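Just data_17.txt here, compact mmCIF, C-alpha atoms and all ligand atoms:
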# COMPACT_ATOMS: atom_id res chain seq x y z
CA MET A 353 109.65 -12.95 64.59
CA GLN A 354 110.22 -13.67 60.92
CA PHE A 355 111.13 -11.70 57.80
CA LYS A 356 108.59 -11.90 54.97
CA ARG A 357 111.49 -11.70 52.56
CA LEU A 358 113.04 -14.93 53.86
CA LEU A 359 109.69 -16.71 54.19
CA GLN A 360 109.54 -16.68 50.37
CA TYR A 361 112.17 -19.41 50.34
CA LYS A 362 110.83 -22.80 51.36
CA ASN A 363 114.28 -24.36 51.70
CA ILE A 364 115.34 -22.20 54.63
CA ALA A 365 114.02 -21.73 58.15
CA HIS A 366 114.74 -18.65 60.21
CA CYS A 367 113.57 -16.42 63.05
CA TYR A 368 114.56 -13.85 65.63
CA THR A 369 113.34 -14.95 69.03
CA LEU A 370 111.09 -12.98 71.37
CA LYS A 371 111.64 -12.54 75.09
CA GLU A 372 108.66 -14.46 76.37
CA ASN A 373 109.65 -17.94 77.62
CA LEU A 374 112.95 -17.86 75.73
CA ASN A 375 116.44 -17.01 76.93
CA PHE A 376 119.67 -18.14 75.27
CA ARG A 377 122.09 -16.76 77.86
CA GLY A 378 124.80 -19.21 78.99
CA VAL A 379 124.06 -19.00 82.68
CA SER A 380 120.33 -19.41 82.26
CA PRO A 381 118.86 -22.83 83.11
CA ILE A 382 116.23 -22.29 80.45
CA LYS A 383 118.83 -22.02 77.66
CA GLN A 384 118.65 -25.72 76.72
CA GLU A 385 114.87 -25.66 76.92
CA SER A 386 114.82 -22.57 74.72
CA ILE A 387 117.01 -24.27 72.10
CA LYS A 388 114.71 -27.31 72.04
CA SER A 389 111.58 -25.26 71.95
CA ILE A 390 112.61 -22.93 69.09
CA CYS A 391 114.04 -25.81 67.01
CA ASN A 392 110.84 -27.72 67.55
CA GLU A 393 108.81 -24.71 66.46
CA LEU A 394 110.84 -24.38 63.25
CA ASN A 395 110.98 -28.14 62.66
CA LEU A 396 114.77 -28.25 63.02
CA ASP A 397 117.12 -30.69 64.76
CA SER A 398 118.18 -29.13 68.09
CA SER A 399 121.31 -31.34 68.21
CA LYS A 400 122.54 -29.31 65.23
CA PHE A 401 122.10 -25.97 66.97
CA ILE A 402 125.35 -24.03 66.55
CA MET A 403 126.06 -20.82 68.40
CA ALA A 404 129.47 -19.12 68.36
CA GLU A 405 131.12 -18.04 71.60
CA GLN A 406 131.08 -14.43 70.34
CA ASP A 407 133.78 -12.08 71.48
CA HIS A 408 133.22 -8.95 69.38
CA THR A 409 135.64 -10.19 66.71
CA LYS A 410 135.24 -10.14 62.93
CA ASN A 411 136.03 -13.88 62.67
CA ILE A 412 133.79 -16.20 60.69
CA ALA A 413 133.61 -20.00 61.02
CA ILE A 414 132.72 -22.19 58.05
CA ILE A 415 130.45 -24.95 59.33
CA ASN A 416 130.94 -28.25 57.49
CA ASN A 417 130.51 -30.96 60.10
CA GLY A 418 129.50 -29.16 63.29
CA ASN A 419 132.78 -29.92 65.09
CA GLU A 420 134.43 -26.63 64.22
CA SER A 421 135.89 -24.49 67.00
CA LEU A 422 133.52 -21.67 67.92
CA GLU A 423 135.95 -19.77 70.12
CA ASP A 424 136.69 -16.19 69.09
CA ILE A 425 134.02 -16.47 66.40
CA ASP A 426 131.18 -14.00 65.74
CA GLY A 427 129.89 -15.17 62.38
CA LEU A 428 128.81 -18.57 61.05
CA ILE A 429 128.35 -19.62 57.43
CA THR A 430 127.35 -22.91 55.81
CA ASN A 431 125.95 -24.46 52.66
CA GLN A 432 125.15 -27.71 54.47
CA LYS A 433 121.59 -28.68 55.29
CA GLY A 434 120.47 -29.09 58.87
CA PHE A 435 122.82 -26.85 60.82
CA VAL A 436 120.96 -24.28 62.87
CA LEU A 437 123.19 -21.19 62.80
CA ALA A 438 122.46 -18.93 65.75
CA SER A 439 123.81 -15.58 66.85
CA LYS A 440 122.85 -14.33 70.30
CA SER A 441 122.17 -10.73 71.10
CA ALA A 442 120.49 -8.31 73.48
CA ASP A 443 120.88 -4.90 71.80
CA CYS A 444 123.72 -6.02 69.50
CA THR A 445 122.79 -6.55 65.86
CA SER A 446 122.15 -10.06 64.55
CA LEU A 447 122.34 -10.36 60.77
CA LEU A 448 120.77 -13.24 58.85
CA MET A 449 122.12 -13.71 55.35
CA TYR A 450 121.06 -15.93 52.47
CA ASP A 451 122.33 -16.45 48.94
CA PRO A 452 119.52 -18.19 47.00
CA GLU A 453 121.84 -18.82 44.01
CA LYS A 454 124.52 -20.75 45.89
CA ASN A 455 122.18 -21.83 48.67
CA ALA A 456 124.46 -20.57 51.41
CA ILE A 457 123.50 -18.94 54.71
CA ALA A 458 125.08 -16.87 57.49
CA SER A 459 124.22 -15.82 61.01
CA VAL A 460 126.29 -12.95 62.34
CA HIS A 461 126.76 -11.09 65.61
CA SER A 462 127.58 -7.49 64.85
CA GLY A 463 127.75 -5.51 68.09
CA TRP A 464 129.12 -1.99 67.88
CA ARG A 465 132.67 -3.35 68.07
CA GLY A 466 131.98 -5.93 65.35
CA THR A 467 130.27 -3.24 63.28
CA ALA A 468 133.37 -1.03 63.59
CA LYS A 469 135.43 -4.06 62.46
CA LYS A 470 133.02 -4.51 59.49
CA ILE A 471 132.04 -8.09 60.25
CA ALA A 472 129.06 -7.83 57.85
CA VAL A 473 131.47 -7.23 54.97
CA GLU A 474 133.80 -9.99 56.23
CA THR A 475 130.85 -12.37 56.07
CA ALA A 476 129.84 -11.42 52.54
CA ASN A 477 133.49 -11.81 51.47
CA LYS A 478 133.76 -15.19 53.19
CA MET A 479 130.60 -16.38 51.37
CA LYS A 480 132.12 -15.16 48.13
CA GLU A 481 135.43 -16.91 48.67
CA THR A 482 133.94 -20.13 50.09
CA TYR A 483 130.79 -20.66 48.02
CA GLY A 484 131.29 -18.32 45.08
CA SER A 485 128.44 -16.12 46.28
CA LYS A 486 127.99 -12.92 44.32
CA PRO A 487 127.27 -9.95 46.63
CA GLU A 488 124.38 -8.86 44.40
CA ASN A 489 122.60 -12.13 45.17
CA ILE A 490 123.01 -12.02 48.95
CA ILE A 491 120.00 -11.02 51.04
CA CYS A 492 120.77 -9.57 54.46
CA CYS A 493 118.10 -9.18 57.12
CA ILE A 494 118.83 -6.87 60.04
CA CYS A 495 117.23 -8.16 63.26
CA PRO A 496 115.97 -6.03 66.17
CA SER A 497 118.85 -4.21 67.89
CA ILE A 498 119.60 -1.03 69.79
CA ARG A 499 118.99 1.84 67.41
CA LYS A 500 120.17 5.41 67.19
CA CYS A 501 117.37 6.49 69.57
CA HIS A 502 119.06 4.60 72.43
CA PHE A 503 122.65 3.91 71.38
CA GLU A 504 124.43 6.61 73.31
CA VAL A 505 128.22 6.77 73.53
CA ASP A 506 131.02 8.98 74.82
CA GLU A 507 133.67 10.84 72.84
CA ASP A 508 136.03 7.83 72.51
CA VAL A 509 133.53 5.55 70.75
CA LYS A 510 132.21 8.45 68.67
CA GLU A 511 135.77 9.10 67.47
CA LEU A 512 136.28 5.45 66.58
CA PHE A 513 133.21 5.55 64.33
CA GLU A 514 134.10 8.95 62.95
CA ASN A 515 137.58 7.73 61.99
CA THR A 516 136.35 4.42 60.54
CA PHE A 517 133.34 5.54 58.50
CA LYS A 518 132.83 8.61 56.34
CA TYR A 519 129.08 8.10 55.91
CA GLU A 520 126.73 11.01 56.46
CA GLY A 521 124.16 11.11 59.24
CA ILE A 522 125.55 8.28 61.34
CA ILE A 523 126.56 10.39 64.35
CA GLU A 524 124.29 12.80 66.17
CA LYS A 525 125.15 15.07 69.06
CA GLY A 526 123.09 13.86 72.00
CA ARG A 527 122.43 15.11 75.51
CA THR A 528 125.02 16.42 77.91
CA ASP A 529 125.74 14.68 81.18
CA GLY A 530 127.34 17.35 83.35
CA GLU A 531 130.45 18.34 81.39
CA LYS A 532 130.21 15.32 79.15
CA GLN A 533 128.83 15.49 75.64
CA LYS A 534 127.02 12.31 74.60
CA TYR A 535 126.56 11.08 71.04
CA ASN A 536 124.05 8.79 69.35
CA ILE A 537 125.35 6.43 66.69
CA ASP A 538 123.30 4.82 63.92
CA THR A 539 124.97 1.40 63.64
CA THR A 540 122.11 0.09 61.48
CA LYS A 541 122.75 2.74 58.86
CA ILE A 542 126.47 1.92 59.00
CA ASN A 543 125.80 -1.78 58.40
CA LYS A 544 123.43 -0.99 55.52
CA GLN A 545 125.91 1.39 53.93
CA MET A 546 128.90 -0.94 54.16
CA LEU A 547 126.88 -3.84 52.73
CA LYS A 548 125.85 -1.63 49.81
CA ASP A 549 129.48 -0.59 49.33
CA CYS A 550 130.51 -4.24 49.05
CA GLY A 551 127.90 -4.93 46.36
CA LEU A 552 124.65 -5.93 48.04
CA LYS A 553 121.57 -4.49 46.37
CA GLU A 554 119.57 -1.97 48.35
CA GLU A 555 116.40 -4.05 47.95
CA ASN A 556 118.24 -7.07 49.37
CA ILE A 557 119.04 -5.32 52.64
CA VAL A 558 115.96 -5.77 54.78
CA ASP A 559 115.69 -3.89 58.07
CA CYS A 560 113.01 -4.76 60.64
CA GLU A 561 113.36 -1.21 62.04
CA LEU A 562 112.86 -2.33 65.64
CA CYS A 563 114.83 -1.04 68.61
CA THR A 564 115.32 -3.61 71.40
CA VAL A 565 115.32 -0.92 74.09
CA CYS A 566 112.14 0.77 72.79
CA ASN A 567 110.54 -2.69 72.49
CA ASN A 568 111.91 -4.14 75.70
CA ASP A 569 108.54 -5.78 76.43
CA LYS A 570 109.13 -8.04 73.42
CA PHE A 571 112.92 -8.43 73.28
CA HIS A 572 115.72 -8.97 75.77
CA SER A 573 117.77 -5.79 76.04
CA TYR A 574 121.08 -5.47 77.85
CA ARG A 575 120.68 -1.76 78.43
CA ALA A 576 117.11 -2.04 79.65
CA ASP A 577 117.40 -5.26 81.68
CA LYS A 578 120.94 -5.32 83.14
CA PRO A 579 122.32 -6.88 85.28
CA ASN A 580 119.92 -9.81 84.85
CA TYR A 581 119.53 -9.54 81.12
CA GLY A 582 118.63 -12.42 78.81
CA LEU A 583 119.60 -13.13 75.21
CA ASN A 584 117.59 -13.41 72.01
CA VAL A 585 118.92 -15.33 68.99
CA GLY A 586 118.81 -14.83 65.26
CA ILE A 587 118.53 -18.26 63.64
CA ILE A 588 118.85 -19.49 60.08
CA ALA A 589 119.07 -23.04 58.67
CA LEU A 590 118.96 -24.81 55.31
CA LYS A 591 116.32 -27.51 55.16
ZN ZN A 601 115.17 2.92 71.00

Conversion result in structure tokens:
Amino acid sequence: MQFKRLLQYKNIAHCYTLKENLNFRGVSPIKQESIKSICNELNLDSSKFIMAEQDHTKNIAIINNGNESLEDIDGLITNQKGFVLASKSADCTSLLMYDPEKNAIASVHSGWRGTAKKIAVETANKMKETYGSKPENIICCICPSIRKCHFEVDEDVKELFENTFKYEGIIEKGRTDGEKQKYNIDTTKINKQMLKDCGLKEENIVDCELCTVCNNDKFHSYRADKPNYGLNVGIIALK
């Protein structure tokens, strides 16, 4: 799947992978095949495929030579050609970012924990400090992820979001499970809002508006497929 907005730029390649024939999960024997196949499709060098370990942190790695440590990292940025920056997800949000002025890119894993830690803003700030990117020039594409329709949490997680963000309409009272009140959280709206707050233009925040659980036939989804779930990746590279 590709974003029309990013296809306008001939010097970058990107995609969010579909479920069919592709799985980027560590334990899957088809992971290496998937990396080769998607790089081949995008005309990229699979030996430069870089995927962070991802541990729901807000830590960003600056990729200069490809030998950087990827432990405890959830976001990748570079201004070097060739590196294929990948973030894996199955319901979590992958963000693909591009600054056409400074020619810098980012691939970010923003699960609900990373979203609460504001990793999207951390990434924009890191691009600013490393490459001189102005927030108003950064384009951020929001890949398929679990949306408010399916992202159901208990009181504890609801309180975390309530205490962290003051945005309107991000928390909805959901169903009750026995005594327990459930809540639905709109993490996409939260990401959009915090990116706007840090200076991104509304028209530069592009949302695919696809829920991975609703569209489980097309995308791997942890909630829909567990325990044997697979992983999709959001990929971006400078050519
Ligand atoms: Zn849904």

Fill in: Phe517 of chain A surroundings by only C-alpha atoms, 9 Å radius, close-in-sequence under 3 positions cut, as a PyMOL selection string
chain A and resi 468+512-514+520+522+542+546

Fill in: Protein and nucleic acid residues within 9 Å of ligand ZN 601 (chain A) (only C-alpha atoms and all ligand atoms) as a list in words
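So, counting only C-alpha atoms and all ligand atoms, the residues near ligand ZN 601 (chain A) are Ser497, Ile498, Arg499, Lys500, Cys501, His502, Phe503, Leu562, Cys563, Thr564, Val565, Cys566 and Asn567 of chain A.
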
Practice prompt. Rank A:Glu511, A:Asp506, A:Asp577, A:Glu474 by their smallest atom-to-atom distance to Lys371 of chain A, using only C-alpha atoms, and report the top residue only.
Written response: A:Asp577

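Between Arg465 of chain A and the candidates A:Thr539, A:Thr528, A:Asn584, A:Thr369, the tightest atom-to-atom separation, counting all atoms listed in the file, involves A:Thr539.
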
Discussion item. Would you pick out the contacts of Leu547 of chain A at 7 Å or less, using only C-alpha atoms, so that residues sharing its chain but fewer than 4 positions from it are not included, and give the list as a list in words?
Written reply: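 Skipping anything fewer than 4 positions along the chain leaves Ala472, Val473, Asn543, Gly551 and Leu552 of chain A.
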
Practice prompt. Could you check how far atom CA of Ile491 of chain A sits from atom CA of Lys541 of chain A, in Å to one decimal?
Written response: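 Going from atom CA of Ile491 of chain A over to atom CA of Lys541 of chain A, I get 16.1 Å.
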
Discussion item. Applying 10 Å and only C-alpha atoms, which residues near Lys410 of chain A remain after dropping the ones on its own chain fewer than 4 positions away? List them as a PyMOL selection string.
Written reply: chain A and resi 406+424-427+460-462+465-475

Give me, as JSON lines, each residue of segment 455-567 of chain A that comes within 10 Å of segment 360-368 of chain A, together with its shortest interatomic pair and the distance in Å at one decimal, counting all atoms listed in the file, with rows ordered by chain and rising residue number.
{"residue": "A:Asn455", "atom": "CA", "partner": "A:Asn363", "partner_atom": "CA", "distance": 8.8}
{"residue": "A:Ala456", "atom": "CA", "partner": "A:Ile364", "partner_atom": "CA", "distance": 9.8}
{"residue": "A:Ile457", "atom": "CA", "partner": "A:Ile364", "partner_atom": "CA", "distance": 8.8}
{"residue": "A:Ser459", "atom": "CA", "partner": "A:His366", "partner_atom": "CA", "distance": 9.9}
{"residue": "A:Ile494", "atom": "CA", "partner": "A:Tyr368", "partner_atom": "CA", "distance": 9.9}
{"residue": "A:Cys495", "atom": "CA", "partner": "A:Tyr368", "partner_atom": "CA", "distance": 6.7}
{"residue": "A:Pro496", "atom": "CA", "partner": "A:Tyr368", "partner_atom": "CA", "distance": 8.0}

Discussion item. Quick one: residues within 7 Å of Asn536 of chain A, only C-alpha atoms, excluding same-chain residues fewer than 3 positions away - as a PyMOL selection string?
Written reply: chain A and resi 500+503-505+523-526

Residues as selected, C-alpha atoms, written as a PDB file, keeping the file's coordinate frame, can you do that?
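Wrote it out as again_10.pdb, contents follow:
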ATOM      1  CA  LYS A 500     120.170   5.410  67.190  1.00  0.00           C
ATOM      2  CA  PHE A 503     122.650   3.910  71.380  1.00  0.00           C
ATOM      3  CA  GLU A 504     124.430   6.610  73.310  1.00  0.00           C
ATOM      4  CA  VAL A 505     128.220   6.770  73.530  1.00  0.00           C
ATOM      5  CA  ILE A 523     126.560  10.390  64.350  1.00  0.00           C
ATOM      6  CA  GLU A 524     124.290  12.800  66.170  1.00  0.00           C
ATOM      7  CA  LYS A 525     125.150  15.070  69.060  1.00  0.00           C
ATOM      8  CA  GLY A 526     123.090  13.860  72.000  1.00  0.00           C
TER       9      GLY A 526
END

Item to complete: Might you pull out every residue within 12 Å of Lys486 of chain A, with only C-alpha atoms counted and same-chain residues fewer than 3 positions away left off, and present them as a list of chain:residue names?
Response: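 Near neighbours after the sequence-gap exclusion: A:Tyr450, A:Asp451, A:Pro452, A:Glu453, A:Lys454, A:Asn455, A:Ala456, A:Ala476, A:Asn477, A:Lys478, A:Met479, A:Lys480, A:Glu481, A:Thr482, A:Tyr483, A:Asn489, A:Ile490, A:Ile491, A:Cys550, A:Gly551, A:Leu552, A:Lys553.
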
Worksheet item: From the list A:Val585, A:Met449, A:Leu422, A:Leu396, which residue is nearest Leu370 of chain A when using only C-alpha atoms?
Response: A:Val585

Worksheet item: Just how far from atom CA of Glu372 of chain A is atom CA of Ile415 of chain A, in Å to one decimal?
Response: 29.6 Å

Worksheet item: Quick one: of A:Lys591, A:Lys578, A:Lys518, A:His572, who's nearest to Ser441 of chain A, counting all atoms listed in the file?
Response: A:His572

Fill in: Two-atom distance - atom CA of Asn419 of chain A, atom CA of Phe376 of chain A (Å)
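According to the coordinates, atom CA of Asn419 of chain A and atom CA of Phe376 of chain A are separated by 20.4 Å.
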